[in-house]
file structure.cif (mmCIF, C-alpha atoms)
data_query
#
loop_
_atom_site.label_atom_id
_atom_site.label_comp_id
_atom_site.auth_asym_id
_atom_site.auth_seq_id
_atom_site.Cartn_x
_atom_site.Cartn_y
_atom_site.Cartn_z
CA MET A 1 71.30 27.77 6.85
CA GLU A 2 70.77 30.25 4.04
CA LYS A 3 67.16 30.98 3.20
CA GLN A 4 66.56 29.81 -0.35
CA ILE A 5 63.10 31.18 -1.19
CA LYS A 6 62.73 34.96 -1.15
CA CYS A 7 59.38 36.77 -0.87
CA TRP A 8 58.37 40.36 -1.61
CA THR A 9 55.51 41.30 0.72
CA ALA A 10 53.10 42.65 2.10
CA ARG A 11 51.45 46.14 1.82
CA SER A 12 53.38 49.33 1.10
CA ASP A 13 51.08 52.33 0.98
CA LEU A 14 49.44 53.02 4.35
CA ILE A 15 50.42 52.29 7.94
CA GLY A 16 47.10 50.64 8.70
CA ASP A 17 47.35 48.50 5.58
CA GLN A 18 50.83 47.38 6.61
CA ILE A 19 49.54 46.23 10.00
CA MET A 20 46.59 44.45 8.40
CA SER A 21 48.94 42.56 6.10
CA LEU A 22 51.09 41.01 8.85
CA PRO A 23 49.15 37.69 8.92
CA ILE A 24 50.32 37.20 5.32
CA LEU A 25 53.83 36.69 6.71
CA THR A 26 52.54 33.80 8.81
CA PHE A 27 50.93 32.25 5.75
CA LEU A 28 54.12 32.59 3.69
CA GLU A 29 56.20 31.03 6.45
CA ARG A 30 53.77 28.11 6.65
CA LYS A 31 53.77 27.63 2.87
CA PHE A 32 57.50 28.31 2.39
CA PRO A 33 59.24 27.42 5.68
CA ASN A 34 62.36 29.42 6.49
CA SER A 35 61.78 31.78 3.54
CA TYR A 36 63.42 35.21 3.36
CA LYS A 37 60.82 37.97 3.50
CA TYR A 38 61.27 41.55 2.33
CA PHE A 39 58.73 43.91 3.87
CA SER A 40 57.93 46.84 1.59
CA VAL A 41 57.20 50.30 3.07
CA LEU A 42 56.58 53.39 0.96
CA ARG A 43 58.83 56.31 1.86
CA LYS A 44 55.81 58.41 2.87
CA CYS A 45 55.16 55.81 5.61
CA SER A 46 58.79 55.41 6.68
CA GLN A 47 57.98 56.83 10.12
CA ALA A 48 56.24 53.49 10.81
CA ALA A 49 59.24 51.32 9.87
CA PRO A 50 60.43 51.01 13.52
CA LEU A 51 57.20 49.15 14.29
CA TYR A 52 58.57 46.16 12.41
CA PHE A 53 62.00 45.98 14.04
CA ASN A 54 62.52 42.56 15.63
CA HIS A 55 59.51 41.06 13.87
CA THR A 56 60.28 37.35 13.78
CA LEU A 57 59.02 36.91 10.20
CA ILE A 58 60.57 40.01 8.59
CA ASP A 59 64.13 39.64 7.33
CA LYS A 60 64.55 43.05 5.71
CA ILE A 61 62.47 46.23 5.67
CA VAL A 62 62.76 48.02 2.32
CA ILE A 63 61.88 51.73 2.23
CA SER A 64 60.83 52.64 -1.30
CA ASP A 65 62.76 55.06 -3.50
CA PHE A 66 59.77 57.39 -3.78
CA ASN A 67 56.86 58.53 -1.64
CA GLU A 68 54.30 57.12 -4.05
CA GLY A 69 56.09 54.46 -6.04
CA PHE A 70 58.97 52.11 -6.62
CA GLY A 71 62.36 52.82 -8.18
CA GLN A 72 65.56 51.01 -9.07
CA THR A 73 66.38 49.97 -5.52
CA ASP A 74 62.96 48.40 -5.10
CA LYS A 75 63.32 46.66 -8.46
CA PHE A 76 66.70 45.29 -7.36
CA TYR A 77 65.10 43.50 -4.43
CA ILE A 78 61.95 42.46 -6.30
CA ASP A 79 64.03 40.83 -9.05
CA GLN A 80 65.71 38.64 -6.43
CA CYS A 81 62.41 37.23 -5.19
CA ASP A 82 60.77 33.93 -6.05
CA ILE A 83 57.42 35.03 -4.63
CA VAL A 84 56.24 38.57 -5.47
CA LEU A 85 52.97 39.85 -4.03
CA ASN A 86 51.33 43.01 -5.29
CA THR A 87 52.05 45.31 -2.35
CA ARG A 88 50.20 48.25 -3.94
CA PRO A 89 46.84 46.85 -5.07
CA GLN A 90 44.12 49.35 -5.90
CA HIS A 91 41.14 49.14 -3.59
CA PRO A 92 37.68 48.82 -5.20
CA PHE A 93 36.15 51.61 -3.13
CA GLU A 94 32.94 51.46 -5.14
CA GLN A 95 32.25 47.94 -3.85
CA ASP A 96 30.51 47.22 -0.56
CA TRP A 97 33.13 44.71 0.61
CA SER A 98 32.83 45.82 4.26
CA ASN A 99 29.39 44.21 4.45
CA TYR A 100 30.89 40.78 3.87
CA ARG A 101 34.58 40.84 4.85
CA ASN A 102 36.60 42.48 7.58
CA ILE A 103 39.70 44.57 6.90
CA TYR A 104 42.06 41.61 7.36
CA GLU A 105 40.12 39.40 4.98
CA GLU A 106 39.92 42.22 2.43
CA THR A 107 43.68 42.84 2.69
CA TRP A 108 44.22 39.13 2.07
CA VAL A 109 41.99 39.09 -1.01
CA MET A 110 43.64 42.24 -2.40
CA ALA A 111 47.02 40.52 -2.08
CA GLY A 112 45.73 37.87 -4.50
CA LEU A 113 45.55 35.12 -1.89
CA PRO A 114 42.61 32.67 -1.58
CA LEU A 115 40.30 33.59 1.29
CA LEU A 116 40.12 29.89 2.16
CA GLU A 117 43.78 30.04 3.17
CA PHE A 118 43.01 32.90 5.56
CA ASN A 119 40.12 30.94 7.06
CA ASN A 120 42.50 28.04 7.65
CA LEU A 121 44.63 30.17 9.97
CA SER A 122 44.04 29.89 13.70
CA ILE A 123 42.45 32.76 15.65
CA GLU A 124 45.88 33.83 16.87
CA GLU A 125 47.45 33.58 13.41
CA LYS A 126 44.79 35.91 12.01
CA ARG A 127 45.79 38.61 14.50
CA PRO A 128 48.60 40.97 13.43
CA LYS A 129 51.49 40.90 15.87
CA LEU A 130 54.16 43.46 16.62
CA PHE A 131 57.10 42.80 18.94
CA ARG A 132 58.15 45.49 21.38
CA TRP A 133 61.89 46.25 21.25
CA PHE A 134 61.64 49.42 23.37
CA ASP A 135 61.05 50.02 27.08
CA ILE A 136 58.02 51.93 28.33
CA ASP A 137 57.22 53.76 31.55
CA LYS A 138 53.72 52.82 32.65
CA ARG A 139 51.43 55.78 33.29
CA ASP A 140 48.77 54.91 35.86
CA LYS A 141 45.30 56.42 35.68
CA SER A 142 45.94 57.69 32.14
CA ILE A 143 43.81 57.54 29.00
CA MET A 144 45.61 57.67 25.67
CA LEU A 145 43.46 59.25 22.95
CA HIS A 146 44.01 59.12 19.21
CA CYS A 147 41.09 61.27 18.17
CA PHE A 148 41.05 61.50 14.38
CA ALA A 149 41.61 58.97 11.59
CA GLY A 150 43.40 59.95 8.39
CA TYR A 151 45.56 62.66 10.01
CA GLY A 152 42.45 64.68 10.73
CA LEU A 153 41.35 64.77 7.08
CA ASP A 154 38.70 62.01 7.25
CA ASN A 155 36.17 63.69 9.53
CA HIS A 156 33.48 61.16 8.66
CA ARG A 157 35.51 58.39 10.39
CA SER A 158 35.91 60.09 13.76
CA PRO A 159 33.99 62.01 16.43
CA SER A 160 33.96 65.78 16.09
CA LYS A 161 36.05 68.29 18.03
CA THR A 162 33.05 69.08 20.24
CA TRP A 163 32.40 65.41 21.00
CA TRP A 164 35.99 64.88 22.08
CA GLU A 165 36.04 68.01 24.24
CA ASN A 166 32.89 66.86 26.04
CA PHE A 167 34.30 63.36 26.48
CA ILE A 168 37.59 64.64 27.92
CA LYS A 169 35.74 66.80 30.47
CA GLU A 170 33.72 63.76 31.57
CA SER A 171 36.91 61.70 31.85
CA PHE A 172 38.42 64.27 34.21
CA LYS A 173 35.54 63.56 36.62
CA LEU A 174 36.83 59.98 36.92
CA GLY A 175 40.28 61.25 37.91
CA TYR A 176 42.11 60.32 34.70
CA ASN A 177 44.96 62.13 33.01
CA ILE A 178 44.47 62.53 29.26
CA ALA A 179 47.29 62.21 26.70
CA ARG A 180 46.14 63.38 23.29
CA LEU A 181 47.91 61.88 20.28
CA GLY A 182 47.62 62.57 16.56
CA HIS A 183 48.79 64.93 13.84
CA PRO A 184 49.62 68.62 14.48
CA ARG A 185 47.15 69.79 11.84
CA GLU A 186 44.20 68.26 13.69
CA PRO A 187 41.85 70.62 15.56
CA VAL A 188 43.10 72.20 18.78
CA PHE A 189 40.88 71.34 21.74
CA ASP A 190 39.59 74.03 24.07
CA ILE A 191 40.82 72.24 27.17
CA SER A 192 42.66 73.93 30.01
CA SER A 193 43.76 71.47 32.68
CA ASP A 194 46.95 70.19 34.27
CA LYS A 195 45.58 66.71 33.54
CA TYR A 196 45.57 67.25 29.75
CA TYR A 197 48.69 66.68 27.64
CA ASP A 198 48.77 67.47 23.92
CA LEU A 199 51.49 65.21 22.47
CA ARG A 200 50.79 65.63 18.75
CA ASN A 201 54.24 67.10 18.20
CA LEU A 202 55.90 63.75 18.94
CA SER A 203 57.00 61.35 16.20
CA PHE A 204 54.76 58.46 15.18
CA ILE A 205 56.84 55.81 16.94
CA GLU A 206 57.00 57.95 20.10
CA GLN A 207 53.23 58.24 20.06
CA VAL A 208 52.85 54.48 19.68
CA GLN A 209 55.21 53.93 22.60
CA ILE A 210 53.19 56.30 24.76
CA SER A 211 49.91 54.76 23.59
CA ILE A 212 50.75 51.39 25.13
CA SER A 213 52.03 52.91 28.36
CA GLY A 214 48.68 54.11 29.71
CA SER A 215 45.76 52.50 31.52
CA PHE A 216 44.03 52.08 28.19
CA TYR A 217 43.76 53.54 24.70
CA ILE A 218 40.78 55.00 22.84
CA GLY A 219 40.81 55.53 19.08
CA THR A 220 38.99 55.10 15.79
CA ASP A 221 39.62 52.82 12.81
CA SER A 222 43.09 54.25 12.20
CA GLY A 223 46.60 52.95 11.64
CA MET A 224 47.53 54.00 15.18
CA SER A 225 44.69 51.91 16.65
CA LEU A 226 45.75 48.90 14.59
CA ALA A 227 49.35 49.28 15.74
CA VAL A 228 48.33 49.48 19.41
CA ALA A 229 46.17 46.38 18.97
CA ALA A 230 49.04 44.47 17.35
CA TYR A 231 51.17 44.93 20.48
CA ASN A 232 48.27 43.47 22.49
CA GLU A 233 49.49 44.99 25.76
CA ILE A 234 46.69 47.23 27.04
CA PRO A 235 42.88 47.38 26.80
CA GLN A 236 41.50 49.65 24.12
CA ILE A 237 38.18 51.05 23.00
CA THR A 238 37.55 51.60 19.28
CA LEU A 239 34.86 54.04 18.14
CA LEU A 240 33.26 52.94 14.88
CA THR A 241 30.65 54.09 12.40
CA ASN A 242 29.50 52.99 8.94
CA TRP A 243 31.35 55.71 7.03
CA SER A 244 32.03 53.81 3.80
CA GLN A 245 29.61 53.66 0.88
CA ASN A 246 26.60 51.33 1.25
CA HIS A 247 27.83 49.86 4.54
CA PHE A 248 24.63 48.36 6.00
CA GLN A 249 25.82 45.29 7.96
CA ASN A 250 28.93 43.67 9.47
CA PHE A 251 29.54 46.89 11.38
CA PHE A 252 32.70 45.70 13.16
CA SER A 253 34.47 44.97 9.87
CA LEU A 254 36.86 47.92 10.41
CA ALA A 255 37.78 46.99 13.98
CA PRO A 256 41.20 45.90 15.27
CA ASN A 257 41.53 42.16 15.80
CA ASN A 258 42.53 42.04 19.43
CA ASP A 259 41.12 40.21 22.46
CA LYS A 260 41.70 43.35 24.55
CA ASN A 261 39.63 45.57 22.26
CA ILE A 262 36.07 46.78 22.92
CA ASN A 263 34.09 48.14 19.95
CA LEU A 264 31.48 50.87 20.32
CA PHE A 265 29.47 51.50 17.16
CA SER A 266 26.79 53.94 16.06
CA LYS A 267 25.31 54.46 12.61
CA ASN A 268 25.84 57.59 10.56
CA GLY A 269 28.69 59.14 12.49
CA CYS A 270 30.77 58.61 15.61
CA ASP A 271 29.10 61.64 17.21
CA ASN A 272 26.09 59.38 17.67
CA ILE A 273 28.08 57.21 20.09
CA ASN A 274 26.82 58.07 23.56
CA ILE A 275 29.60 59.52 25.69
CA ASP A 276 27.99 57.94 28.76
CA ASP A 277 28.44 54.52 27.14
CA VAL A 278 32.16 55.17 26.72
CA ILE A 279 32.42 56.33 30.32
CA GLU A 280 30.70 53.13 31.49
CA GLU A 281 33.22 51.03 29.57
CA ILE A 282 36.03 53.00 31.22
CA LYS A 283 34.55 52.25 34.63
CA HIS A 284 34.48 48.54 33.78
CA LEU A 285 38.08 48.64 32.60
#
call {"tool": "encode", "arguments": {"input": "structure.cif", "output": "C-alpha cells"}}
result
Amino acid sequence: MEKQIKCWTARSDLIGDQIMSLPILTFLERKFPNSYKYFSVLRKCSQAAPLYFNHTLIDKIVISDFNEGFGQTDKFYIDQCDIVLNTRPQHPFEQDWSNYRNIYEETWVMAGLPLLEFNNLSIEEKRPKLFRWFDIDKRDKSIMLHCFAGYGLDNHRSPSKTWWENFIKESFKLGYNIARLGHPREPVFDISSDKYYDLRNLSFIEQVQISISGSFYIGTDSGMSLAVAAYNEIPQITLLTNWSQNHFQNFFSLAPNNDKNINLFSKNGCDNINIDDVIEEIKHL
C-alpha cells in the first residue's frame, strides 16, 4: 500500500544531532502510521549516511545540495511533504537548558514538538536505535577509544593528550589492546607498543564498525559515542564534564541513552576524572 502522508525529518547538521533525533521517527510513525519519512542529512555529514541504511522508519535519506544549506533538490522533496519539521533549528547556546533537559529532550523541543509527547514514549522508544547491516569481526581483549569530541577542536569536552596517554599505559597493564579512533588532525599520542593501533585514517563508518567489535568502547559526549550507543551491542564508558555555560546540575544530560553505558563525570574538565576509577570500571566489565 502506498504511503499517503510524507514527512520531512529529523536533524540535518551534525552527526550527533541526527542520532539524537531518531526517536522523532517513532513519534511520527505513532502519530501518522505507515507514513513516508525523508531523513535529511547535510552534505558535510554525508559520511554518516550509511548509519541509517536499513532503518525501519526511514524511507529515503536525502543528502543536501550544499554543505551548510538546502538547494533545489531539497526543496523538491520538502514540497512533497505534508509534515515538515525544522531540521536546522538554531540552538540557544546562551540558555542553561542542560540543567533541566537531556540532549534527547532538547532535540525534541528544538524540533517544535511538545515535551509531553516525548515523556509519553516508553523507555525503549526514547532510545535512538540503529540497525546493523554489516558484519563485524569481534576483537577480544580490545578497548576502542574515541578520545576527542568535535574532531579534536572542542578541547573543553574531552580529556587532554596527557590524560589519554597515561590512561592507555595503565590499560596495557590489564593486557588490553587499544584501538584509537578519531580525526587525523587530533593530537598524536606518544605511545610505542604493538598493542596500540592508531586507526584515525579510516572512514567514519569504518570506525563505527570497529567501535562495536571490541570488548568495550570509551568516549566522550560525541557523535561517535551516540552512534555506538544506538547500536546497543557492547558496553561503553562515557567521560563527561560540565563544559557548557552555567551547567550546575543534571550532569548526565549529555550522556548516551543506553542500558550498556556507564557515565563517569567530574566537574570543570574531563582531566579531573580519576584514571583509577576508569580502570576499576574496566575490571568490572
call {"tool": "resolve_selection", "arguments": {"input": "structure.cif", "expression": "the PyMOL selection byres ((chain A and resi 254) around 8)", "output": "tab-separated table (two decimals) with C-alpha atoms, in the frame of the given file"}}
result
chain	number	residue	atom	x	y	z
A	98	SER	CA	32.83	45.82	4.26
A	102	ASN	CA	36.60	42.48	7.58
A	103	ILE	CA	39.70	44.57	6.90
A	221	ASP	CA	39.62	52.82	12.81
A	240	LEU	CA	33.26	52.94	14.88
A	251	PHE	CA	29.54	46.89	11.38
A	252	PHE	CA	32.70	45.70	13.16
A	253	SER	CA	34.47	44.97	9.87
A	255	ALA	CA	37.78	46.99	13.98
A	256	PRO	CA	41.20	45.90	15.27
call {"tool": "residues_near_point", "arguments": {"input": "structure.cif", "point": "(55.6, 49.6, 12.4)", "cutoff": "8 Å", "atoms": "all atoms listed in the file", "output": "number ranges by chain"}}
result
A: 15, 18-19, 47-53, 130, 205, 227
call {"tool": "write_last_selection", "arguments": {"input": "structure.cif", "atoms": "C-alpha atoms", "output": "short mmCIF file (atom, residue, chain, number, x, y, z; two decimals), in the frame of the given file"}}
result
data_model
loop_
_atom_site.label_atom_id
_atom_site.label_comp_id
_atom_site.auth_asym_id
_atom_site.auth_seq_id
_atom_site.Cartn_x
_atom_site.Cartn_y
_atom_site.Cartn_z
CA ILE A 15 50.42 52.29 7.94
CA GLN A 18 50.83 47.38 6.61
CA ILE A 19 49.54 46.23 10.00
CA GLN A 47 57.98 56.83 10.12
CA ALA A 48 56.24 53.49 10.81
CA ALA A 49 59.24 51.32 9.87
CA PRO A 50 60.43 51.01 13.52
CA LEU A 51 57.20 49.15 14.29
CA TYR A 52 58.57 46.16 12.41
CA PHE A 53 62.00 45.98 14.04
CA LEU A 130 54.16 43.46 16.62
CA ILE A 205 56.84 55.81 16.94
CA ALA A 227 49.35 49.28 15.74
#
call {"tool": "residues_around", "arguments": {"input": "structure.cif", "residues": "stretch 72-85 of chain A", "least_positions_apart": "3", "cutoff": "10 Å", "atoms": "all atoms listed in the file", "output": "compact mmCIF listing (two decimals) with C-alpha atoms, in the coordinates of the input"}}
result
# COMPACT_ATOMS: atom_id res chain seq x y z
CA GLN A 4 66.56 29.81 -0.35
CA ILE A 5 63.10 31.18 -1.19
CA LYS A 6 62.73 34.96 -1.15
CA CYS A 7 59.38 36.77 -0.87
CA TRP A 8 58.37 40.36 -1.61
CA THR A 9 55.51 41.30 0.72
CA ALA A 10 53.10 42.65 2.10
CA ARG A 11 51.45 46.14 1.82
CA LEU A 28 54.12 32.59 3.69
CA PHE A 32 57.50 28.31 2.39
CA SER A 35 61.78 31.78 3.54
CA TYR A 36 63.42 35.21 3.36
CA LYS A 37 60.82 37.97 3.50
CA TYR A 38 61.27 41.55 2.33
CA SER A 40 57.93 46.84 1.59
CA VAL A 62 62.76 48.02 2.32
CA ILE A 63 61.88 51.73 2.23
CA SER A 64 60.83 52.64 -1.30
CA ASP A 65 62.76 55.06 -3.50
CA PHE A 66 59.77 57.39 -3.78
CA GLY A 69 56.09 54.46 -6.04
CA ARG A 88 50.20 48.25 -3.94
CA PRO A 89 46.84 46.85 -5.07
CA MET A 110 43.64 42.24 -2.40
CA ALA A 111 47.02 40.52 -2.08
CA GLY A 112 45.73 37.87 -4.50
CA LEU A 113 45.55 35.12 -1.89
call {"tool": "residues_near_point", "arguments": {"input": "structure.cif", "point": "(40.6, 66.0, 30.5)", "cutoff": "9 Å", "atoms": "all atoms listed in the file", "output": "VMD selection string"}}
result
chain A and resid 165 to 173 175 to 179 191 to 197
call {"tool": "resolve_selection", "arguments": {"input": "structure.cif", "expression": "the PyMOL selection byres ((chain A and resi 145) around 7)", "output": "list in words"}}
result
Ile143, Met144, His146, Cys147, Ala179, Arg180, Leu181, Tyr217, Ile218 and Gly219 of chain A
call {"tool": "closest_residue", "arguments": {"input": "structure.cif", "among": "A:Thr162, A:Lys138, A:His91, A:Phe131", "to": "A:Asp190", "atoms": "only C-alpha atoms"}}
result
A:Thr162
call {"tool": "resolve_selection", "arguments": {"input": "structure.cif", "expression": "the PyMOL selection byres ((chain A and resi 128) around 7)", "output": "short mmCIF file (atom, residue, chain, number, x, y, z; two decimals) with C-alpha atoms, in the frame of the given file"}}
result
data_model
loop_
_atom_site.label_atom_id
_atom_site.label_comp_id
_atom_site.auth_asym_id
_atom_site.auth_seq_id
_atom_site.Cartn_x
_atom_site.Cartn_y
_atom_site.Cartn_z
CA ILE A 19 49.54 46.23 10.00
CA MET A 20 46.59 44.45 8.40
CA LEU A 22 51.09 41.01 8.85
CA PRO A 23 49.15 37.69 8.92
CA LYS A 126 44.79 35.91 12.01
CA ARG A 127 45.79 38.61 14.50
CA LYS A 129 51.49 40.90 15.87
CA LEU A 130 54.16 43.46 16.62
CA ALA A 230 49.04 44.47 17.35
#
call {"tool": "atom_distance", "arguments": {"input": "structure.cif", "atom1": "atom CA of A:Asn67", "atom2": "atom CA of A:Asp13"}}
result
8.9 Å
call {"tool": "atom_distance", "arguments": {"input": "structure.cif", "atom1": "atom CA of A:Thr107", "atom2": "atom CA of A:Gln95"}}
result
14.1 Å
call {"tool": "atom_distance", "arguments": {"input": "structure.cif", "atom1": "atom CA of A:Lys31", "atom2": "atom CA of A:Asn119"}}
result
14.7 Å
call {"tool": "closest_residue", "arguments": {"input": "structure.cif", "among": "A:Leu202, A:Leu226, A:Ile262, A:Ala149", "to": "A:Tyr104", "atoms": "only C-alpha atoms"}}
result
A:Leu226
call {"tool": "residues_around", "arguments": {"input": "structure.cif", "residues": "A:Glu105", "least_positions_apart": "4", "cutoff": "7 Å", "atoms": "only C-alpha atoms", "output": "JSON, numbers by chain"}}
result
{"A": [101, 109, 115]}
